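Here's model-v3.txt, which has compact mmCIF, C-alpha atoms:
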# COMPACT_ATOMS: atom_id res chain seq x y z
CA MET A 6 54.74 94.84 115.14
CA ILE A 7 55.96 95.29 111.60
CA VAL A 8 58.27 98.09 112.73
CA LYS A 9 59.81 95.99 115.45
CA THR A 10 60.42 93.02 113.19
CA VAL A 11 61.97 94.99 110.35
CA CYS A 12 64.10 97.00 112.74
CA GLY A 13 65.29 93.77 114.29
CA TRP A 14 66.66 92.68 110.95
CA MET A 15 68.07 96.03 109.90
CA LYS A 16 70.00 97.07 112.97
CA ALA A 17 72.80 94.58 112.45
CA PHE A 18 73.24 95.61 108.83
CA ILE A 19 73.36 99.28 109.65
CA LEU A 20 75.92 98.80 112.41
CA LEU A 21 78.03 96.57 110.20
CA TYR A 22 77.89 99.10 107.36
CA GLY A 23 78.98 101.85 109.74
CA ILE A 24 81.93 99.81 110.99
CA HIS A 25 82.93 98.99 107.40
CA ILE A 26 82.97 102.65 106.44
CA ILE A 27 85.09 103.50 109.48
CA LEU A 28 87.61 100.74 108.89
CA TYR A 29 88.06 101.23 105.15
CA GLY A 30 88.16 105.00 105.44
CA HIS A 31 91.54 105.30 103.83
CA LEU A 32 90.62 103.29 100.73
CA THR A 33 87.02 104.10 99.84
CA PRO A 34 84.95 107.21 100.49
CA GLY A 35 83.92 107.62 104.08
CA GLY A 36 86.19 107.86 107.04
CA GLY A 37 85.68 108.28 110.75
CA PHE A 38 82.99 110.96 110.69
CA ALA A 39 80.56 109.41 108.21
CA GLY A 40 80.95 105.94 109.69
CA GLY A 41 80.45 107.23 113.20
CA VAL A 42 77.20 108.96 112.32
CA ILE A 43 75.89 105.83 110.58
CA ALA A 44 76.78 103.62 113.55
CA ALA A 45 75.05 106.08 115.90
CA SER A 46 71.92 105.88 113.79
CA ALA A 47 71.85 102.11 114.30
CA PHE A 48 71.62 102.60 118.07
CA VAL A 49 69.08 105.37 117.65
CA LEU A 50 67.00 102.96 115.58
CA ILE A 51 67.04 100.39 118.37
CA MET A 52 65.88 102.96 120.87
CA LEU A 53 63.14 104.30 118.62
CA ALA A 54 61.74 100.92 117.64
CA GLU A 55 61.78 99.04 120.90
CA GLY A 56 61.40 101.66 123.55
CA GLU A 57 63.65 103.26 126.04
CA ALA A 58 64.37 100.37 128.40
CA VAL A 59 65.65 97.98 125.77
CA GLY A 60 67.67 100.74 124.12
CA LEU A 61 69.37 101.72 127.36
CA LYS A 62 70.09 98.12 128.19
CA THR A 63 71.88 97.75 124.85
CA PHE A 64 74.10 100.77 125.27
CA SER A 65 73.77 102.49 128.62
CA ARG A 66 74.65 106.09 129.39
CA LYS A 67 77.71 105.20 131.38
CA ALA A 68 79.01 102.96 128.62
CA ALA A 69 78.43 105.67 126.02
CA SER A 70 80.31 108.28 127.96
CA THR A 71 83.15 105.83 128.61
CA TRP A 72 83.54 104.97 124.92
CA ASP A 73 83.37 108.68 124.07
CA SER A 74 86.31 109.45 126.32
CA VAL A 75 88.21 106.40 125.06
CA GLY A 76 87.82 107.60 121.48
CA VAL A 77 89.09 111.11 122.09
CA LEU A 78 91.91 109.95 124.34
CA SER A 79 93.14 107.40 121.83
CA PHE A 80 93.22 110.10 119.16
CA LEU A 81 95.28 112.31 121.48
CA VAL A 82 97.58 109.45 122.43
CA MET A 83 98.35 108.76 118.77
CA ALA A 84 99.18 112.43 118.32
CA GLY A 85 101.42 112.45 121.37
CA LEU A 86 103.17 109.28 120.28
CA GLY A 87 104.16 111.15 117.17
CA LEU A 88 105.91 113.63 119.41
CA LEU A 89 107.61 110.96 121.48
CA LEU A 90 108.76 108.66 118.75
CA ALA A 91 109.67 110.90 115.87
CA GLY A 92 110.24 114.38 117.11
CA THR A 93 107.33 116.32 115.65
CA PHE A 94 103.82 116.51 117.07
CA PHE A 95 101.29 114.46 115.14
CA VAL A 96 103.55 113.06 112.47
CA ASN A 97 102.70 109.80 110.75
CA PHE A 98 105.37 107.66 112.35
CA TRP A 99 104.27 104.34 111.07
CA THR A 100 104.83 104.55 107.36
CA THR A 101 104.76 101.32 105.46
CA ASP A 102 106.45 100.50 102.21
CA GLU A 103 105.18 100.39 98.65
CA SER A 104 103.90 96.86 98.66
CA ALA A 105 101.16 97.55 101.17
CA HIS A 106 99.28 100.20 99.21
CA PHE A 107 95.55 99.62 98.73
CA THR A 108 95.31 97.05 101.51
CA LEU A 109 93.67 97.37 104.87
CA PHE A 110 96.72 97.78 107.06
CA SER A 111 98.47 100.24 104.88
CA SER A 112 98.65 103.81 105.86
CA GLY A 113 100.25 104.19 109.25
CA ILE A 114 98.28 105.82 112.01
CA ILE A 115 95.35 106.78 109.77
CA PRO A 116 93.18 103.69 110.44
CA VAL A 117 93.78 103.95 114.18
CA CYS A 118 92.80 107.60 114.18
CA ASN A 119 89.74 106.75 112.12
CA ILE A 120 88.64 104.17 114.68
CA GLY A 121 89.14 106.65 117.52
CA ILE A 122 87.11 109.33 115.78
CA GLY A 123 84.41 106.84 114.79
CA LEU A 124 83.97 105.72 118.40
CA LYS A 125 83.83 109.30 119.56
CA VAL A 126 81.24 110.49 117.06
CA CYS A 127 79.01 107.45 117.54
CA SER A 128 78.98 107.68 121.33
CA SER A 129 78.49 111.45 121.36
CA LEU A 130 75.52 111.45 119.03
CA TYR A 131 73.89 108.53 120.82
CA LEU A 132 74.35 110.26 124.17
CA VAL A 133 72.81 113.47 122.87
CA PHE A 134 69.84 111.55 121.54
CA VAL A 135 69.33 109.71 124.82
CA VAL A 136 69.38 112.88 126.86
CA LEU A 137 67.05 114.69 124.48
CA THR A 138 64.38 112.07 124.25
CA ALA A 139 64.45 109.44 126.87
CA MET A 140 64.96 111.04 130.20
CA HIS A 141 61.32 111.50 131.18
CA LEU A 142 60.88 114.95 129.84
CA ALA A 143 57.44 116.34 130.27
CA LEU A 144 57.45 119.12 127.75
CA LYS A 145 54.76 121.11 129.47
CA PRO A 146 55.12 124.78 130.29
CA GLY A 147 55.84 125.50 133.89
CA ASN A 148 57.70 122.29 134.55
CA LYS A 149 60.92 123.81 135.60
CA GLY A 150 62.76 120.63 136.40
CA GLU A 151 64.11 119.80 139.76
CA ASN A 152 67.29 121.78 139.61
CA SER A 153 67.71 125.48 139.31
CA MET B 15 75.82 118.88 83.89
CA THR B 16 75.56 122.51 84.84
CA GLU B 17 71.86 122.49 83.95
CA ILE B 18 71.21 119.60 86.34
CA LEU B 19 73.03 121.47 89.09
CA ILE B 20 71.07 124.65 88.44
CA ALA B 21 67.76 122.73 88.52
CA LEU B 22 68.65 121.05 91.82
CA ILE B 23 69.73 124.32 93.42
CA VAL B 24 66.49 126.00 92.32
CA LEU B 25 64.58 123.14 93.97
CA MET B 26 66.61 123.70 97.12
CA ILE B 27 65.71 127.39 97.09
CA ILE B 28 62.02 126.56 96.75
CA GLY B 29 62.26 124.07 99.61
CA ALA B 30 64.05 126.61 101.81
CA LEU B 31 61.39 129.23 101.13
CA VAL B 32 58.66 126.76 102.07
CA ALA B 33 60.52 125.82 105.26
CA ILE B 34 60.86 129.41 106.39
CA GLU B 35 57.49 130.80 105.39
CA THR B 36 55.01 128.16 106.42
CA SER B 37 53.34 128.51 109.77
CA ASN B 38 53.05 124.83 110.64
CA LEU B 39 56.25 123.64 112.32
CA LEU B 40 55.91 120.06 111.14
CA TYR B 41 55.81 121.15 107.50
CA SER B 42 58.95 123.21 108.10
CA VAL B 43 60.85 120.24 109.45
CA ILE B 44 59.80 118.07 106.52
CA SER B 45 60.89 120.73 104.04
CA ILE B 46 64.27 121.19 105.65
CA GLY B 47 64.73 117.43 105.41
CA ALA B 48 64.01 117.62 101.70
CA VAL B 49 66.55 120.44 101.28
CA GLY B 50 69.19 118.38 103.07
CA PHE B 51 68.64 115.33 100.90
CA LEU B 52 68.76 117.44 97.75
CA LEU B 53 72.07 118.84 98.99
CA SER B 54 73.39 115.30 99.33
CA ILE B 55 72.43 114.59 95.70
CA VAL B 56 74.15 117.82 94.60
CA PHE B 57 77.30 116.71 96.40
CA LEU B 58 77.15 113.46 94.47
CA PHE B 59 76.93 115.32 91.17
CA LEU B 60 79.91 117.46 92.22
CA SER B 61 82.11 114.33 92.60
CA ALA B 62 82.31 114.40 96.39
CA PRO B 63 81.22 110.94 97.61
CA ASP B 64 82.52 111.38 101.18
CA LEU B 65 80.41 114.46 101.61
CA ALA B 66 77.31 112.82 100.16
CA ILE B 67 77.47 109.93 102.64
CA THR B 68 78.11 112.23 105.58
CA GLN B 69 75.42 114.73 104.62
CA MET B 70 72.78 112.04 104.21
CA ALA B 71 73.51 110.41 107.58
CA VAL B 72 73.68 113.79 109.35
CA GLU B 73 70.39 114.81 107.76
CA VAL B 74 68.64 111.79 109.23
CA ILE B 75 69.89 112.57 112.73
CA THR B 76 69.00 116.26 112.24
CA LEU B 77 65.42 115.35 111.41
CA VAL B 78 65.13 113.17 114.50
CA ILE B 79 66.47 115.91 116.76
CA LEU B 80 64.25 118.60 115.23
CA LEU B 81 61.19 116.42 115.59
CA ARG B 82 62.03 116.04 119.26
CA ALA B 83 62.21 119.81 119.59
CA ILE B 84 58.66 120.34 118.34
CA ALA B 85 57.19 117.23 119.88
CA GLY B 86 55.55 118.53 123.01
CA SER B 87 54.49 121.96 121.88
CA GLY B 88 51.55 122.89 119.78
CA ARG B 89 52.47 122.51 116.17
CA GLU B 90 50.96 125.66 114.80
CA ALA B 91 53.22 128.58 115.49
CA VAL B 92 50.48 130.96 116.44
CA SER B 93 52.93 133.44 117.87
CA ASP B 94 54.60 134.34 114.63
CA ARG B 95 53.29 137.88 114.13
CA ARG B 96 55.81 140.02 112.39
CA SER B 97 56.54 143.67 112.89
CA ILE B 98 56.39 145.66 109.69
CA PHE B 99 59.38 147.84 110.43
CA GLY B 100 61.65 144.89 111.12
CA THR B 101 60.63 143.08 107.99
CA VAL B 102 61.10 146.10 105.76
CA VAL B 103 64.54 146.89 107.17
CA THR B 104 65.65 143.27 106.79
CA VAL B 105 64.43 143.01 103.23
CA ALA B 106 66.16 146.26 102.37
CA MET B 107 69.43 145.04 103.88
CA VAL B 108 69.21 141.73 102.05
CA LEU B 109 68.60 143.52 98.76
CA ILE B 110 71.60 145.77 99.36
CA LEU B 111 73.74 142.71 100.03
CA ALA B 112 72.46 141.12 96.85
CA GLY B 113 73.36 144.26 94.93
CA PHE B 114 76.91 144.20 96.23
CA SER B 115 77.19 140.53 95.43
CA VAL B 116 76.38 141.12 91.77
CA ARG B 117 79.47 143.29 91.54
CA MET B 118 81.50 140.67 93.41
CA PHE B 119 80.43 137.75 91.29
CA ALA B 120 81.36 139.57 88.13
CA ASP B 121 84.99 139.28 89.24
CA PHE B 122 84.82 135.61 90.17
CA PRO B 123 86.59 133.02 88.03
CA GLU B 124 84.49 130.83 85.80
CA PHE B 125 82.60 127.99 87.37
CA GLY B 126 84.50 124.80 86.59
CA GLN B 127 88.05 126.01 87.07
CA PRO B 128 89.33 124.93 90.42
CA VAL B 129 92.36 126.48 92.08
CA THR B 130 94.58 123.69 90.83
CA ASP B 131 94.12 124.92 87.27
CA ARG B 132 94.87 128.52 87.93
CA PHE B 133 97.93 128.22 90.16
CA ALA B 134 100.49 125.55 89.56
CA ASP B 135 101.90 125.74 93.08
CA ALA B 136 98.60 125.38 94.93
CA PRO B 137 98.74 123.00 97.92
CA SER B 138 96.13 120.75 96.38
CA ASN B 139 98.52 119.91 93.59
CA MET B 140 101.02 118.68 96.11
CA TYR B 141 98.34 116.69 97.94
CA LEU B 142 97.20 115.00 94.76
CA ARG B 143 100.66 114.30 93.44
CA GLU B 144 102.35 112.98 96.57
CA GLY B 145 99.44 111.85 98.70
CA LEU B 146 99.71 108.19 97.96
CA GLU B 147 103.46 107.91 98.46
CA LYS B 148 103.72 110.06 101.54
CA THR B 149 100.79 108.66 103.47
CA GLY B 150 99.88 105.39 101.82
CA ALA B 151 96.16 106.18 101.79
CA ALA B 152 94.24 105.90 98.56
CA ASN B 153 91.47 108.25 99.66
CA ILE B 154 93.11 111.66 99.30
CA VAL B 155 90.39 113.46 101.29
CA THR B 156 91.05 111.20 104.31
CA ALA B 157 94.79 111.70 103.82
CA VAL B 158 94.30 115.46 103.86
CA LEU B 159 92.04 115.29 106.92
CA LEU B 160 94.14 112.97 109.01
CA ASP B 161 97.68 113.47 107.87
CA PHE B 162 98.32 116.75 106.12
CA ARG B 163 95.84 118.79 108.14
CA ALA B 164 95.46 116.74 111.27
CA TYR B 165 95.29 119.75 113.58
CA ASP B 166 91.95 120.67 112.07
CA THR B 167 90.63 117.24 112.93
CA LEU B 168 91.93 117.57 116.49
CA GLY B 169 90.14 120.89 116.82
CA GLU B 170 86.98 119.38 115.38
CA ALA B 171 87.00 116.53 117.87
CA THR B 172 87.39 119.08 120.67
CA VAL B 173 84.51 121.22 119.41
CA LEU B 174 82.23 118.21 119.10
CA PHE B 175 83.14 117.07 122.60
CA CYS B 176 82.45 120.50 124.08
CA ALA B 177 79.13 120.84 122.26
CA VAL B 178 77.94 117.48 123.54
CA VAL B 179 79.08 118.24 127.10
CA GLY B 180 77.21 121.53 126.89
CA ALA B 181 74.02 119.90 125.66
CA LEU B 182 74.20 117.26 128.36
CA SER B 183 74.74 119.75 131.14
CA ILE B 184 71.85 121.94 129.99
CA LEU B 185 69.43 119.08 130.07
CA ARG B 186 70.48 117.59 133.34
CA ARG B 187 67.80 116.74 135.83
CA LYS B 188 68.08 115.48 139.34
CA THR B 189 65.79 112.58 140.03
CA LYS B 190 63.36 113.19 142.83
CA LYS B 191 62.59 109.76 144.03
CA GLN B 192 65.10 109.04 146.73
CA PRO B 193 62.92 108.23 149.71
CA ASP B 194 65.74 107.52 152.10
CA GLU B 195 67.62 110.70 151.44
CA PRO B 196 68.28 112.49 154.73
CA ASP B 197 66.44 115.74 155.17
CA GLU B 198 69.09 117.47 157.19
CA GLU B 199 70.72 119.09 154.23
CA ASN B 200 67.62 121.14 153.56
CA GLU B 201 67.78 122.86 156.88
CA PRO B 202 70.03 125.85 157.28
CA MET C 14 75.19 131.70 87.45
CA ILE C 15 75.50 129.00 90.01
CA TYR C 16 77.35 131.11 92.56
CA ALA C 17 74.55 133.66 92.52
CA LEU C 18 71.94 130.98 93.20
CA CYS C 19 74.01 129.66 96.06
CA PHE C 20 74.27 133.15 97.51
CA VAL C 21 70.50 133.50 97.22
CA LEU C 22 70.21 130.43 99.46
CA ILE C 23 72.48 132.03 102.06
CA LEU C 24 70.48 135.25 101.92
CA ILE C 25 67.21 133.39 102.39
CA GLY C 26 68.64 131.82 105.53
CA LEU C 27 69.80 135.23 106.78
CA TYR C 28 66.33 136.69 106.21
CA GLY C 29 64.79 133.83 108.16
CA VAL C 30 67.13 134.32 111.13
CA LEU C 31 66.36 138.02 111.38
CA VAL C 32 62.64 138.13 110.78
CA ARG C 33 61.18 135.03 112.42
CA ARG C 34 60.10 135.02 116.03
CA ASN C 35 59.75 131.33 116.70
CA ILE C 36 62.93 129.77 118.04
CA VAL C 37 62.51 126.60 116.02
CA LYS C 38 62.12 128.67 112.86
CA ILE C 39 65.36 130.48 113.73
CA ILE C 40 67.13 127.16 114.12
CA ILE C 41 65.79 125.99 110.76
CA SER C 42 66.96 129.19 109.09
CA LEU C 43 70.43 128.72 110.55
CA LEU C 44 70.43 125.24 109.00
CA VAL C 45 69.55 126.71 105.61
CA MET C 46 72.45 129.15 105.89
CA GLU C 47 74.76 126.30 106.74
CA TYR C 48 73.69 124.31 103.68
CA GLY C 49 74.31 127.35 101.49
CA ILE C 50 77.81 127.90 102.84
CA HIS C 51 78.79 124.26 102.45
CA LEU C 52 77.49 124.25 98.91
CA PHE C 53 79.45 127.38 98.10
CA LEU C 54 82.70 125.87 99.33
CA VAL C 55 82.26 122.63 97.44
CA LEU C 56 81.36 124.49 94.24
CA GLN C 57 84.86 125.98 94.32
CA SER C 58 86.38 122.58 93.84
CA PHE C 59 84.44 121.31 90.87
CA ARG C 60 85.87 120.49 87.48
CA PRO C 61 83.53 119.39 84.64
CA GLY C 62 84.17 115.77 83.86
CA GLY C 63 86.18 115.38 87.03
CA VAL C 64 86.67 112.20 88.98
CA PRO C 65 86.51 111.95 92.79
CA PRO C 66 89.90 112.27 94.50
CA ILE C 67 90.41 108.55 95.14
CA VAL C 68 93.37 106.80 93.60
CA GLU C 69 92.63 103.65 91.64
CA PRO C 70 95.26 100.93 91.62
CA GLY C 71 97.20 101.03 88.42
CA SER C 72 96.59 104.61 87.35
CA GLU C 73 99.23 107.12 86.47
CA THR C 74 99.66 110.00 88.83
CA ALA C 75 100.33 112.75 86.33
CA VAL C 76 97.32 111.97 84.17
CA TRP C 77 94.95 111.48 87.11
CA MET C 78 96.05 114.71 88.73
CA LYS C 79 94.72 116.74 85.84
CA GLN C 80 91.35 115.04 86.02
CA SER C 81 90.42 114.93 89.65
CA VAL C 82 88.62 117.58 91.62
CA ASP C 83 90.17 119.62 94.37
CA PRO C 84 90.29 117.69 97.66
CA LEU C 85 90.96 120.54 100.06
CA PRO C 86 87.52 122.23 100.23
CA GLN C 87 85.92 118.79 100.55
CA ALA C 88 88.01 118.03 103.62
CA LEU C 89 87.06 121.34 105.24
CA VAL C 90 83.35 120.90 104.53
CA LEU C 91 83.41 117.34 105.92
CA THR C 92 84.56 118.65 109.28
CA SER C 93 82.02 121.44 109.17
CA ILE C 94 79.05 119.16 108.54
CA VAL C 95 79.65 117.15 111.70
CA ILE C 96 80.30 120.25 113.79
CA GLY C 97 76.98 121.64 112.51
CA LEU C 98 75.24 118.60 113.93
CA GLY C 99 76.79 119.12 117.36
CA VAL C 100 75.82 122.79 117.41
CA LEU C 101 72.27 121.86 116.37
CA ALA C 102 72.03 119.52 119.35
CA LEU C 103 73.11 122.34 121.66
CA MET C 104 70.58 124.77 120.17
CA VAL C 105 67.72 122.31 120.50
CA ALA C 106 68.67 121.60 124.12
CA LEU C 107 68.52 125.33 124.85
CA SER C 108 65.15 125.71 123.15
CA ILE C 109 63.67 122.80 125.11
CA ARG C 110 64.81 124.41 128.36
CA LEU C 111 63.33 127.74 127.33
CA TYR C 112 60.02 126.12 126.50
CA GLU C 113 59.86 124.44 129.85
CA ARG C 114 60.57 127.64 131.70
CA TYR C 115 58.52 130.17 129.77
CA GLY C 116 55.88 128.08 128.10
CA THR C 117 56.35 129.50 124.64
CA PHE C 118 58.72 129.53 121.72
CA ASP C 119 58.17 133.19 120.95
CA ILE C 120 61.30 135.19 121.62
CA SER C 121 59.53 138.50 122.11
CA LYS C 122 57.54 137.03 124.98
CA ILE C 123 60.62 135.44 126.46
CA ARG C 124 62.27 138.81 126.60
CA LYS C 125 59.40 140.32 128.52
CA LEU C 126 58.98 137.67 131.18
CA LYS C 127 61.23 137.87 134.17
CA GLY C 128 61.84 134.40 135.53
Whole structure given in structure tokens:
Amino acid sequence: MIVKTVCGWMKAFILLYGIHIILYGHLTPGGGFAGGVIAASAFVLIMLAEGEAVGLKTFSRKAASTWDSVGVLSFLVMAGLGLLLAGTFFVNFWTTDESAHFTLFSSGIIPVCNIGIGLKVCSSLYLVFVVLTAMHLALKPGNKGENS
Amino acid sequence: MTEILIALIVLMIIGALVAIETSNLLYSVISIGAVGFLLSIVFLFLSAPDLAITQMAVEVITLVILLRAIAGSGREAVSDRRSIFGTVVTVAMVLILAGFSVRMFADFPEFGQPVTDRFADAPSNMYLREGLEKTGAANIVTAVLLDFRAYDTLGEATVLFCAVVGALSILRRKTKKQPDEPDEENEP
Amino acid sequence: MIYALCFVLILIGLYGVLVRRNIVKIIISLLVMEYGIHLFLVLQSFRPGGVPPIVEPGSETAVWMKQSVDPLPQALVLTSIVIGLGVLALMVALSIRLYERYGTFDISKIRKLKG
């Protein structure tokens, strides 16, 4: 009971902290990878504290694999847009001027790439955790599973 | 500063020895968690805050996954007999490697002189000097990862995707309860 | 010296991979080797009294450049840490499958059984 209550308070903070680290990745330490892992741990916390059914209702398998693909594809699209719009593959085509340094919308395609990578890492790690723990595994010897 | 680093690395070595030698799997997992957290603190002392955040979060997820791996089995690794010949050969090879490394580390540069000090035209000098104007990002590590060396990040996203697809396809199970599934496909 | 201690960590991991028979112990020894390698790379970038490579508003570039640590090994190790997590997930998935099929974690017994 204590675990469920405290986890109910903490999960919003952890997810918000993860999103903050992803978004401000070009100004403070962090970036897409660290923020993605922290956001994944928020969803893992929900699944650990409240059981498998509630966890899967929050973020189902299909939704996780969709967001995973969206993250990787958006990263690739930003790279390809560099080829289309400015001649070289994966160039930073959206440079801003001097006055926008140290603000949120400052450094071209870097925040967009950070968001894509953050989505990808979060969904991938959550999906791996779901498949490892919550799919009715009976870890007994001799249980070969139903496929070959 | 160097003394603190040496003390932390000696603690990591002790933790690693405990993790490898003990016969109870649960104690091993707890020790490897301690080694990972000590590594995160060492990264903080080495002025690498990105790495400290990432290492700490990854360590938490690593512990959860490792605990899942030992969950169903018996926790005492009773099947850990060792063969004497294998152990002796491995220890001999490790000692030979250590002997070669003594000769190698005598030629290393001093600890505390990064490449930027020794070569004036190292790439890191260019990254530090022109990172802010060319990319507009204040965090030079992110600028290096996503602008100067973005191909590495593309390769990393691909490797992570493939690893997760592999793990999912290994653990796939067909569900059995489909009572209205036609039985004709089982007949030749 | 610090590099020698770091290399001792890598060698301890190598010893664990080669000598242990339990698959979970092998995975844990691979993790120890990974920590040692990451530590070795980041130790190459350290400068005593150095500041992290993040630009503060209102600082001069030429002065700050002499004080900050090297950002390139940190970027490489950041990628490597997250890839290590993905590979760990794959290894644990394999070991769970092996346990279900053979009933043991011992690799010498797994070699002898024919499935």
- Query: Quick one, how far is CA of Ile27 (chain A) from CA of Gly123 (chain A)?
  - Reply: 6.3 Å
- Message: Counting all atoms listed in the file, which residue out of B:Ile75, B:Ile55, B:Leu39, B:Gly169 sits closest to Ala21 (chain B)?
- Response: B:Ile55
- In Å and to one decimal, CA of Phe134 (chain A) is distant from CA of Val59 (chain A) by 14.8 Å
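The environment of Leu98 (chain C) within 9 Å, counting all atoms listed in the file and disregarding residues fewer than 2 places along the same chain, consists of A:Leu130, B:Val72, B:Glu73, B:Ile75, B:Thr76, B:Leu174, C:Ser93, C:Ile94, C:Val95, C:Ile96, C:Val100, C:Leu101, C:Ala102, C:Leu103.
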- Task: Using only C-alpha atoms, determine which residues lie at most 12 Å from Val108 (chain B), disregarding the query and same-chain residues fewer than 4 positions distant; provide the list as a list in words.
- Result: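 Once the adjacent positions are removed, what remains is Thr101, Val102, Val103, Thr104, Ala112, Gly113, Phe114 and Ser115 of chain B; Phe20, Val21, Leu22, Ile23, Leu24, Ile25, Gly26, Leu27, Tyr28, Gly29, Val30, Leu31 and Val32 of chain C.
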Which residues are close to region 13-23 of chain A, i.e. within 12 Å by only C-alpha atoms, leaving aside same-chain residues fewer than 3 positions away? Reply as an mmCIF file with C-alpha atoms, in the coordinates of the input.
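Result file is around.cif:
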data_model
loop_
_atom_site.group_PDB
_atom_site.id
_atom_site.type_symbol
_atom_site.label_atom_id
_atom_site.label_comp_id
_atom_site.auth_asym_id
_atom_site.auth_seq_id
_atom_site.Cartn_x
_atom_site.Cartn_y
_atom_site.Cartn_z
ATOM 1 C CA MET A 6 54.740 94.840 115.140
ATOM 2 C CA ILE A 7 55.960 95.290 111.600
ATOM 3 C CA VAL A 8 58.270 98.090 112.730
ATOM 4 C CA LYS A 9 59.810 95.990 115.450
ATOM 5 C CA THR A 10 60.420 93.020 113.190
ATOM 6 C CA ILE A 26 82.970 102.650 106.440
ATOM 7 C CA ILE A 27 85.090 103.500 109.480
ATOM 8 C CA LEU A 28 87.610 100.740 108.890
ATOM 9 C CA TYR A 29 88.060 101.230 105.150
ATOM 10 C CA GLY A 30 88.160 105.000 105.440
ATOM 11 C CA GLY A 35 83.920 107.620 104.080
ATOM 12 C CA GLY A 36 86.190 107.860 107.040
ATOM 13 C CA GLY A 37 85.680 108.280 110.750
ATOM 14 C CA PHE A 38 82.990 110.960 110.690
ATOM 15 C CA ALA A 39 80.560 109.410 108.210
ATOM 16 C CA GLY A 40 80.950 105.940 109.690
ATOM 17 C CA GLY A 41 80.450 107.230 113.200
ATOM 18 C CA VAL A 42 77.200 108.960 112.320
ATOM 19 C CA ILE A 43 75.890 105.830 110.580
ATOM 20 C CA ALA A 44 76.780 103.620 113.550
ATOM 21 C CA ALA A 45 75.050 106.080 115.900
ATOM 22 C CA SER A 46 71.920 105.880 113.790
ATOM 23 C CA ALA A 47 71.850 102.110 114.300
ATOM 24 C CA PHE A 48 71.620 102.600 118.070
ATOM 25 C CA VAL A 49 69.080 105.370 117.650
ATOM 26 C CA LEU A 50 67.000 102.960 115.580
ATOM 27 C CA ILE A 51 67.040 100.390 118.370
ATOM 28 C CA MET A 52 65.880 102.960 120.870
ATOM 29 C CA LEU A 53 63.140 104.300 118.620
ATOM 30 C CA ALA A 54 61.740 100.920 117.640
ATOM 31 C CA GLU A 55 61.780 99.040 120.900
ATOM 32 C CA GLY A 60 67.670 100.740 124.120
ATOM 33 C CA ILE A 120 88.640 104.170 114.680
ATOM 34 C CA GLY A 123 84.410 106.840 114.790
ATOM 35 C CA LEU A 124 83.970 105.720 118.400
ATOM 36 C CA VAL A 126 81.240 110.490 117.060
ATOM 37 C CA CYS A 127 79.010 107.450 117.540
ATOM 38 C CA ILE B 67 77.470 109.930 102.640
ATOM 39 C CA THR B 68 78.110 112.230 105.580
ATOM 40 C CA ALA B 71 73.510 110.410 107.580
#
- Choose the residue, out of B:Ala83, B:Val173, B:Ile110, B:Leu159, that has the smallest atom-to-atom separation from Arg110 (chain C); count only C-alpha atoms. B:Ala83
- Query: With distances taken over only C-alpha atoms, which of B:Ser54, B:Pro123, B:Thr149, B:Ile20 is nearest to chain C?
  - Reply: B:Ile20
- Query: Can you list, as a list in words, every protein, DNA or RNA residue that comes within 8 Å of region 77-83 of chain C when you count all atoms listed in the file, leaving out same-chain residues fewer than 6 positions away?
  - Reply: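 Listing them by chain and then by number gives Ser61, Pro128, Val129, Thr130, Ser138, Asn139, Leu142 and Arg143 of chain B; Ser58, Phe59, Arg60, Gly62, Gly63, Val64, Pro65 and Pro66 of chain C.
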- Counting all atoms listed in the file, which residues come within 9 Å of (76.4, 118.4, 81.0), with the point read in the file's coordinates, and could you list them as number ranges by chain? B: 15-18; C: 61-62
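For the choices C:Ile67, C:Ile120, C:Leu54, C:Leu107, the atom-to-atom distance to chain A is smallest for C:Ile67 when using only C-alpha atoms.
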- Using all atoms listed in the file, which residues sit within 12 Å of Ala48 (chain B) once same-chain residues fewer than 3 positions away are excluded, as a PyMOL selection string? (chain B and resi 22+25-33+41-45+51-55+70+73-74+76-77) or (chain C and resi 45+48)
Residues of the last selection are to be written out with C-alpha atoms, as an mmCIF file, keeping the file's coordinate frame.
data_model
loop_
_atom_site.group_PDB
_atom_site.id
_atom_site.type_symbol
_atom_site.label_atom_id
_atom_site.label_comp_id
_atom_site.auth_asym_id
_atom_site.auth_seq_id
_atom_site.Cartn_x
_atom_site.Cartn_y
_atom_site.Cartn_z
ATOM 1 C CA LEU B 22 68.650 121.050 91.820
ATOM 2 C CA LEU B 25 64.580 123.140 93.970
ATOM 3 C CA MET B 26 66.610 123.700 97.120
ATOM 4 C CA ILE B 27 65.710 127.390 97.090
ATOM 5 C CA ILE B 28 62.020 126.560 96.750
ATOM 6 C CA GLY B 29 62.260 124.070 99.610
ATOM 7 C CA ALA B 30 64.050 126.610 101.810
ATOM 8 C CA LEU B 31 61.390 129.230 101.130
ATOM 9 C CA VAL B 32 58.660 126.760 102.070
ATOM 10 C CA ALA B 33 60.520 125.820 105.260
ATOM 11 C CA TYR B 41 55.810 121.150 107.500
ATOM 12 C CA SER B 42 58.950 123.210 108.100
ATOM 13 C CA VAL B 43 60.850 120.240 109.450
ATOM 14 C CA ILE B 44 59.800 118.070 106.520
ATOM 15 C CA SER B 45 60.890 120.730 104.040
ATOM 16 C CA PHE B 51 68.640 115.330 100.900
ATOM 17 C CA LEU B 52 68.760 117.440 97.750
ATOM 18 C CA LEU B 53 72.070 118.840 98.990
ATOM 19 C CA SER B 54 73.390 115.300 99.330
ATOM 20 C CA ILE B 55 72.430 114.590 95.700
ATOM 21 C CA MET B 70 72.780 112.040 104.210
ATOM 22 C CA GLU B 73 70.390 114.810 107.760
ATOM 23 C CA VAL B 74 68.640 111.790 109.230
ATOM 24 C CA THR B 76 69.000 116.260 112.240
ATOM 25 C CA LEU B 77 65.420 115.350 111.410
ATOM 26 C CA VAL C 45 69.550 126.710 105.610
ATOM 27 C CA TYR C 48 73.690 124.310 103.680
#
